[in-house]
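Next up, upload18.cif (mmCIF, C-alpha atoms):
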```cif
data_entry
#
loop_
_atom_site.label_atom_id
_atom_site.label_comp_id
_atom_site.auth_asym_id
_atom_site.auth_seq_id
_atom_site.Cartn_x
_atom_site.Cartn_y
_atom_site.Cartn_z
CA ASN A 1 -9.58 18.18 12.66
CA MET A 2 -7.61 18.03 15.91
CA LYS A 3 -10.29 16.06 17.81
CA ASN A 4 -10.28 13.30 15.15
CA ASN A 5 -6.48 13.19 15.30
CA TYR A 6 -6.57 12.64 19.06
CA ILE A 7 -9.21 9.94 18.70
CA PHE A 8 -7.09 8.21 16.05
CA ILE A 9 -3.98 8.33 18.24
CA ILE A 10 -5.94 6.99 21.23
CA VAL A 11 -7.31 4.12 19.10
CA CYS A 12 -3.79 3.20 17.92
CA LEU A 13 -2.43 3.29 21.46
CA ALA A 14 -5.41 1.24 22.70
CA ILE A 15 -4.67 -1.41 20.05
CA PHE A 16 -1.01 -1.47 21.09
CA ILE A 17 -1.74 -1.61 24.83
CA GLY A 18 -4.51 -4.19 24.39
CA LEU A 19 -2.29 -6.48 22.32
CA LYS A 20 0.57 -5.96 24.78
CA LEU A 21 -1.61 -6.83 27.78
CA VAL A 22 -2.98 -10.00 26.15
CA TYR A 23 0.52 -11.34 25.29
CA PRO A 24 1.18 -13.16 28.60
CA TYR A 25 -2.03 -15.15 28.10
CA LEU A 26 -1.19 -16.29 24.57
CA ASP A 27 0.39 -19.70 24.16
CA THR A 28 3.00 -20.81 21.66
CA ASP A 29 0.37 -22.39 19.43
CA PHE A 30 -1.48 -19.07 19.13
CA MET A 31 1.76 -17.36 18.08
CA ARG A 32 1.97 -19.52 14.94
CA PHE A 33 0.80 -16.55 12.87
CA LEU A 34 4.29 -15.12 13.49
CA LEU A 35 6.24 -18.32 14.13
CA THR A 36 5.23 -20.26 11.00
CA PRO A 37 6.49 -17.73 8.41
CA THR A 38 9.69 -17.27 10.42
CA ASN A 39 10.15 -21.03 10.61
CA LYS A 40 9.65 -21.47 6.85
CA ILE A 41 12.28 -18.85 6.05
CA VAL A 42 14.74 -20.31 8.61
CA GLU A 43 14.19 -23.79 7.11
CA ILE A 44 14.95 -22.49 3.62
CA ILE A 45 18.08 -20.59 4.68
CA SER A 46 19.46 -23.21 7.08
CA GLY A 47 18.49 -26.25 5.04
CA SER A 48 17.20 -27.89 8.24
CA LYS A 49 13.68 -29.08 8.97
CA ALA A 50 11.89 -28.24 12.19
CA ILE A 51 9.51 -30.39 14.19
CA TYR A 52 6.50 -28.47 15.53
CA ASN A 53 5.18 -28.99 19.03
CA PRO A 54 2.15 -26.88 20.13
CA THR A 55 3.68 -26.28 23.56
CA ASN A 56 7.34 -25.74 22.69
CA GLY A 57 7.26 -24.36 19.15
CA TYR A 58 9.57 -25.34 16.31
CA PHE A 59 12.52 -27.56 17.26
CA TYR A 60 15.47 -28.04 14.91
CA PRO A 61 17.16 -31.31 15.92
CA GLU A 62 20.18 -30.75 13.64
CA LEU A 63 20.79 -27.25 14.99
CA ASN A 64 19.60 -27.88 18.55
CA ILE A 65 17.52 -24.69 18.62
CA VAL A 66 13.89 -23.95 19.39
CA ILE A 67 11.82 -21.14 17.89
CA ASN A 68 9.05 -20.56 20.41
CA LYS A 69 6.74 -17.83 21.73
CA SER A 70 9.64 -15.75 23.02
CA CYS A 71 11.17 -15.84 19.51
CA SER A 72 7.96 -14.84 17.75
CA GLY A 73 8.84 -11.16 17.43
CA TYR A 74 5.48 -10.19 18.93
CA ASN A 75 6.88 -7.11 20.69
CA PHE A 76 8.78 -6.11 17.56
CA TRP A 77 5.53 -6.47 15.58
CA LEU A 78 3.72 -4.16 18.01
CA ILE A 79 6.44 -1.50 18.05
CA SER A 80 6.80 -1.74 14.28
CA PHE A 81 3.01 -1.24 14.05
CA LEU A 82 3.27 1.97 16.10
CA ILE A 83 6.18 3.31 14.05
CA THR A 84 4.46 2.49 10.77
CA THR A 85 1.21 4.05 11.99
CA PHE A 86 3.04 7.21 13.05
CA VAL A 87 4.83 7.61 9.70
CA LEU A 88 1.67 6.97 7.67
CA PHE A 89 -0.40 9.26 9.91
CA LYS A 90 1.97 12.20 9.70
CA SER A 91 2.30 11.79 5.93
CA GLU A 92 -1.33 12.80 5.42
CA ILE A 93 -1.39 10.95 2.06
CA ILE A 94 -3.36 7.95 3.30
CA LYS A 95 -6.90 8.06 4.66
CA LYS A 96 -7.04 7.47 8.40
CA ARG A 97 -9.32 4.45 8.06
CA GLN A 98 -6.66 2.78 5.88
CA ILE A 99 -3.69 3.49 8.14
CA ILE A 100 -4.29 0.88 10.86
CA PRO A 101 -4.89 -2.09 8.51
CA LEU A 102 -1.94 -1.03 6.33
CA ALA A 103 0.34 -0.58 9.35
CA LEU A 104 -0.68 -3.99 10.74
CA LEU A 105 0.01 -5.60 7.36
CA LEU A 106 3.38 -3.89 6.78
CA SER A 107 4.58 -4.66 10.30
CA TYR A 108 3.36 -8.26 9.94
CA ILE A 109 5.31 -8.68 6.69
CA THR A 110 8.53 -7.28 8.16
CA THR A 111 8.39 -9.19 11.46
CA PRO A 112 9.22 -12.70 10.11
CA LEU A 113 12.00 -11.23 7.94
CA VAL A 114 13.56 -9.42 10.90
CA ASN A 115 13.08 -12.46 13.15
CA THR A 116 14.78 -14.68 10.61
CA SER A 117 17.76 -12.34 10.41
CA ARG A 118 17.99 -12.39 14.20
CA ILE A 119 17.82 -16.19 14.37
CA ILE A 120 20.28 -16.77 11.52
CA GLY A 121 22.63 -14.12 12.97
CA TYR A 122 22.52 -15.82 16.34
CA MET A 123 23.16 -19.24 14.78
CA ILE A 124 26.21 -17.84 12.96
CA MET A 125 27.53 -16.19 16.13
CA ILE A 126 27.14 -19.36 18.21
CA ASP A 127 28.57 -21.54 15.43
CA SER A 128 31.65 -19.32 15.07
CA LYS A 129 32.55 -19.61 18.76
CA THR A 130 35.35 -22.11 19.18
CA THR A 131 35.44 -22.00 22.98
CA SER A 132 32.72 -23.43 25.15
CA ILE A 133 30.02 -20.96 26.08
CA THR A 134 28.02 -21.27 29.28
CA THR A 135 24.23 -21.20 29.19
CA LEU A 136 24.24 -17.77 30.86
CA GLU A 137 26.64 -16.38 28.25
CA THR A 138 24.51 -17.88 25.47
CA GLU A 139 21.38 -16.23 26.88
CA ARG A 140 23.17 -12.87 27.19
CA ILE A 141 24.51 -13.08 23.64
CA HIS A 142 21.03 -13.97 22.40
CA GLN A 143 19.48 -11.05 24.30
CA MET A 144 22.11 -8.50 23.20
CA GLU A 145 21.92 -9.65 19.60
CA GLY A 146 18.13 -9.36 19.74
CA ILE A 147 18.30 -5.79 21.04
CA LEU A 148 20.81 -4.84 18.35
CA VAL A 149 18.87 -6.48 15.49
CA TYR A 150 15.45 -5.23 16.54
CA LEU A 151 16.61 -1.67 17.23
CA THR A 152 18.51 -1.53 13.94
CA PHE A 153 15.52 -2.75 11.96
CA LEU A 154 13.08 -0.42 13.75
CA ILE A 155 15.31 2.51 12.80
CA LEU A 156 15.61 1.22 9.22
CA ILE A 157 11.84 0.77 8.97
CA TYR A 158 11.26 4.32 10.17
CA ILE A 159 13.87 5.84 7.84
CA SER A 160 12.83 3.77 4.80
CA LEU A 161 9.09 4.24 5.21
CA ASN A 162 9.52 7.94 5.94
CA TYR A 163 11.62 8.31 2.77
CA ILE A 164 9.09 6.42 0.62
CA VAL A 165 6.12 8.34 2.02
CA ASN A 166 7.88 11.70 1.53
CA LYS A 167 8.77 10.73 -2.05
CA ILE A 168 5.15 9.79 -2.78
CA ARG A 169 3.87 12.98 -1.14
CA HIS A 170 6.36 15.10 -3.09
CA ASN A 171 5.35 13.46 -6.40
CA TYR A 172 1.67 13.88 -5.53
CA GLU A 173 2.15 17.57 -4.70
CA LYS A 174 4.14 18.07 -7.90
CA THR A 175 1.42 16.38 -9.98
CA THR A 176 -1.32 18.35 -8.24
CA GLN A 177 0.57 21.60 -8.79
CA SER A 178 1.06 20.75 -12.48
CA GLU A 179 -2.69 20.14 -12.83
CA VAL A 180 -3.41 23.50 -11.18
CA ASP A 181 -0.95 25.21 -13.56
CA ILE A 182 -2.67 23.60 -16.57
CA ILE A 183 -6.12 24.71 -15.37
CA ASP A 184 -4.94 28.30 -14.80
#
```

Will you turn the file into C-alpha cells for me?
Amino acid sequence: NMKNNYIFIIVCLAIFIGLKLVYPYLDTDFMRFLLTPTNKIVEIISGSKAIYNPTNGYFYPELNIVINKSCSGYNFWLISFLITTFVLFKSEIIKKRQIIPLALLLSYITTPLVNTSRIIGYMIMIDSKTTSITTLETERIHQMEGILVYLTFLILIYISLNYIVNKIRHNYEKTTQSEVDIID
C-alpha cells in the first residue's frame, strides 16, 4: 500500500531529523553508547589504556589522543541507519515493523567498528609522518581521513547489505517457487 510506504518513509526521516537536531544538546557523557565500544576496541588494538573523563571523553596518555563526542561516529550512525533502512525496505523480505529496530541495531554494530578503523588509521598516518605537522595540518588530515573512511564504509555497507538481502530474497523466491511446483 503506497500510503503506508509514505508513512514509513516519513517516520524514518523523522527519526533521522529528530536525532540529528538533538545532537548539539548531547554531551560527551551521553555519547558513551557509541564511545565506549569504540574505546574498548581501540584499547585492544593499540595496547594502550584510556582514562575516561565525562566532559572530555577517553584520553590516551601514551598516544596523546582523545576520543570524544566529535569522534563518536554519531552522524555516521544516523546515515548508516538511513542506508540500512532503505535497503531493508526495498527488499520487501522483512516486515516494516521490524525494519527500524533492525536498522538501528545493524548501524549501531557497524559504527564502533568503522570508528575504530578511522582512529587506528589516523594514528598510523600521524605516526608515520617524520616531519613536524602543524595543528591545522593535523586537523585537515583528520577531517579528510574521516571523510574517506566514512564514505568508503557507507558504500561498502550499502553494497554488502544489498547483496545479502538480494541473495536471501532470491533463495526465498526459489524455495517458494519449488513449493508451488510441488503443490501443482

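Counting only C-alpha atoms, the residue from A:Phe59, A:Phe33, A:Tyr122, A:Tyr172 that sits nearest to Ser91 in chain A is A:Tyr172.
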
Need the shell around Tyr60 in chain A: protein/DNA/RNA residues with any atom at most 8 Å away, counting only C-alpha atoms. Skip same-chain ones fewer than 2 positions apart. Format as a count of residues only? 10

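Among the candidates A:Thr38, A:Thr28, A:Gln98, A:Asn115, the residue lying nearest to Asn68 in chain A is A:Thr28 (atoms considered: only C-alpha atoms).
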
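Picture a line from CA of Leu13 in chain A to CA of Trp77 in chain A; it runs 13.9 Å.
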
Picked residues, the PyMOL selection byres ((chain A and resi 156-160) around 10), expected as a CSV table (one decimal) with C-alpha atoms, in the frame of the given file:
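Below is the file part_0.csv, written as the result:
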```csv
chain,number,residue,atom,x,y,z
A,80,SER,CA,6.8,-1.7,14.3
A,83,ILE,CA,6.2,3.3,14.0
A,84,THR,CA,4.5,2.5,10.8
A,86,PHE,CA,3.0,7.2,13.0
A,87,VAL,CA,4.8,7.6,9.7
A,106,LEU,CA,3.4,-3.9,6.8
A,107,SER,CA,4.6,-4.7,10.3
A,110,THR,CA,8.5,-7.3,8.2
A,150,TYR,CA,15.4,-5.2,16.5
A,151,LEU,CA,16.6,-1.7,17.2
A,152,THR,CA,18.5,-1.5,13.9
A,153,PHE,CA,15.5,-2.8,12.0
A,154,LEU,CA,13.1,-0.4,13.8
A,155,ILE,CA,15.3,2.5,12.8
A,161,LEU,CA,9.1,4.2,5.2
A,162,ASN,CA,9.5,7.9,5.9
A,163,TYR,CA,11.6,8.3,2.8
A,164,ILE,CA,9.1,6.4,0.6
A,165,VAL,CA,6.1,8.3,2.0
A,166,ASN,CA,7.9,11.7,1.5
```

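Shortest separation to Pro101 in chain A among A:Ile41, A:Leu34, A:Ile119, A:Leu82 occurs at residue A:Leu82, atoms counted being only C-alpha atoms.
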
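With CA of Asn56 in chain A on one side and CA of Arg140 in chain A on the other, the separation reads 20.9 Å.
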
Counting all atoms listed in the file, what is within 10 Å of range 16-23 of chain A, bar same-chain residues fewer than 3 positions away, as a PyMOL selection string? chain A and resi 10-13+26-27+31+69+74-75+77-79+81-82

Could you save the residues just selected, with C-alpha atoms, as a PDB file, in the frame of the given file?
```pdb
ATOM      1  CA  ILE A  10      -5.940   6.990  21.230  1.00  0.00           C
ATOM      2  CA  VAL A  11      -7.310   4.120  19.100  1.00  0.00           C
ATOM      3  CA  CYS A  12      -3.790   3.200  17.920  1.00  0.00           C
ATOM      4  CA  LEU A  13      -2.430   3.290  21.460  1.00  0.00           C
ATOM      5  CA  LEU A  26      -1.190 -16.290  24.570  1.00  0.00           C
ATOM      6  CA  ASP A  27       0.390 -19.700  24.160  1.00  0.00           C
ATOM      7  CA  MET A  31       1.760 -17.360  18.080  1.00  0.00           C
ATOM      8  CA  LYS A  69       6.740 -17.830  21.730  1.00  0.00           C
ATOM      9  CA  TYR A  74       5.480 -10.190  18.930  1.00  0.00           C
ATOM     10  CA  ASN A  75       6.880  -7.110  20.690  1.00  0.00           C
ATOM     11  CA  TRP A  77       5.530  -6.470  15.580  1.00  0.00           C
ATOM     12  CA  LEU A  78       3.720  -4.160  18.010  1.00  0.00           C
ATOM     13  CA  ILE A  79       6.440  -1.500  18.050  1.00  0.00           C
ATOM     14  CA  PHE A  81       3.010  -1.240  14.050  1.00  0.00           C
ATOM     15  CA  LEU A  82       3.270   1.970  16.100  1.00  0.00           C
TER      16      LEU A  82
END
```

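Atom pair CA of Ile9 in chain A / CA of Thr111 in chain A: separated by 22.5 Å.
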
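Residue nearest Lys90 in chain A, chosen from A:Asn53, A:Leu102, A:Tyr108, A:Asn5 and counting only C-alpha atoms: A:Asn5.
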
Proximity to Gly73 in chain A - best of A:Val149, A:Tyr6, A:Glu43, A:Asn1, only C-alpha atoms: A:Val149

Applied to the shown file, which residues does the PyMOL selection byres ((chain A and resi 141) around 12) return, written as JSON, numbers by chain? {"A": [118, 119, 121, 122, 123, 124, 125, 126, 129, 133, 134, 135, 136, 137, 138, 139, 140, 142, 143, 144, 145, 146, 147, 148, 149]}

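If you measure from each of A:Ala14, A:Val42, A:Ile168, A:Cys71 to Ile100 in chain A using only C-alpha atoms, the closest one turns out to be A:Ala14.
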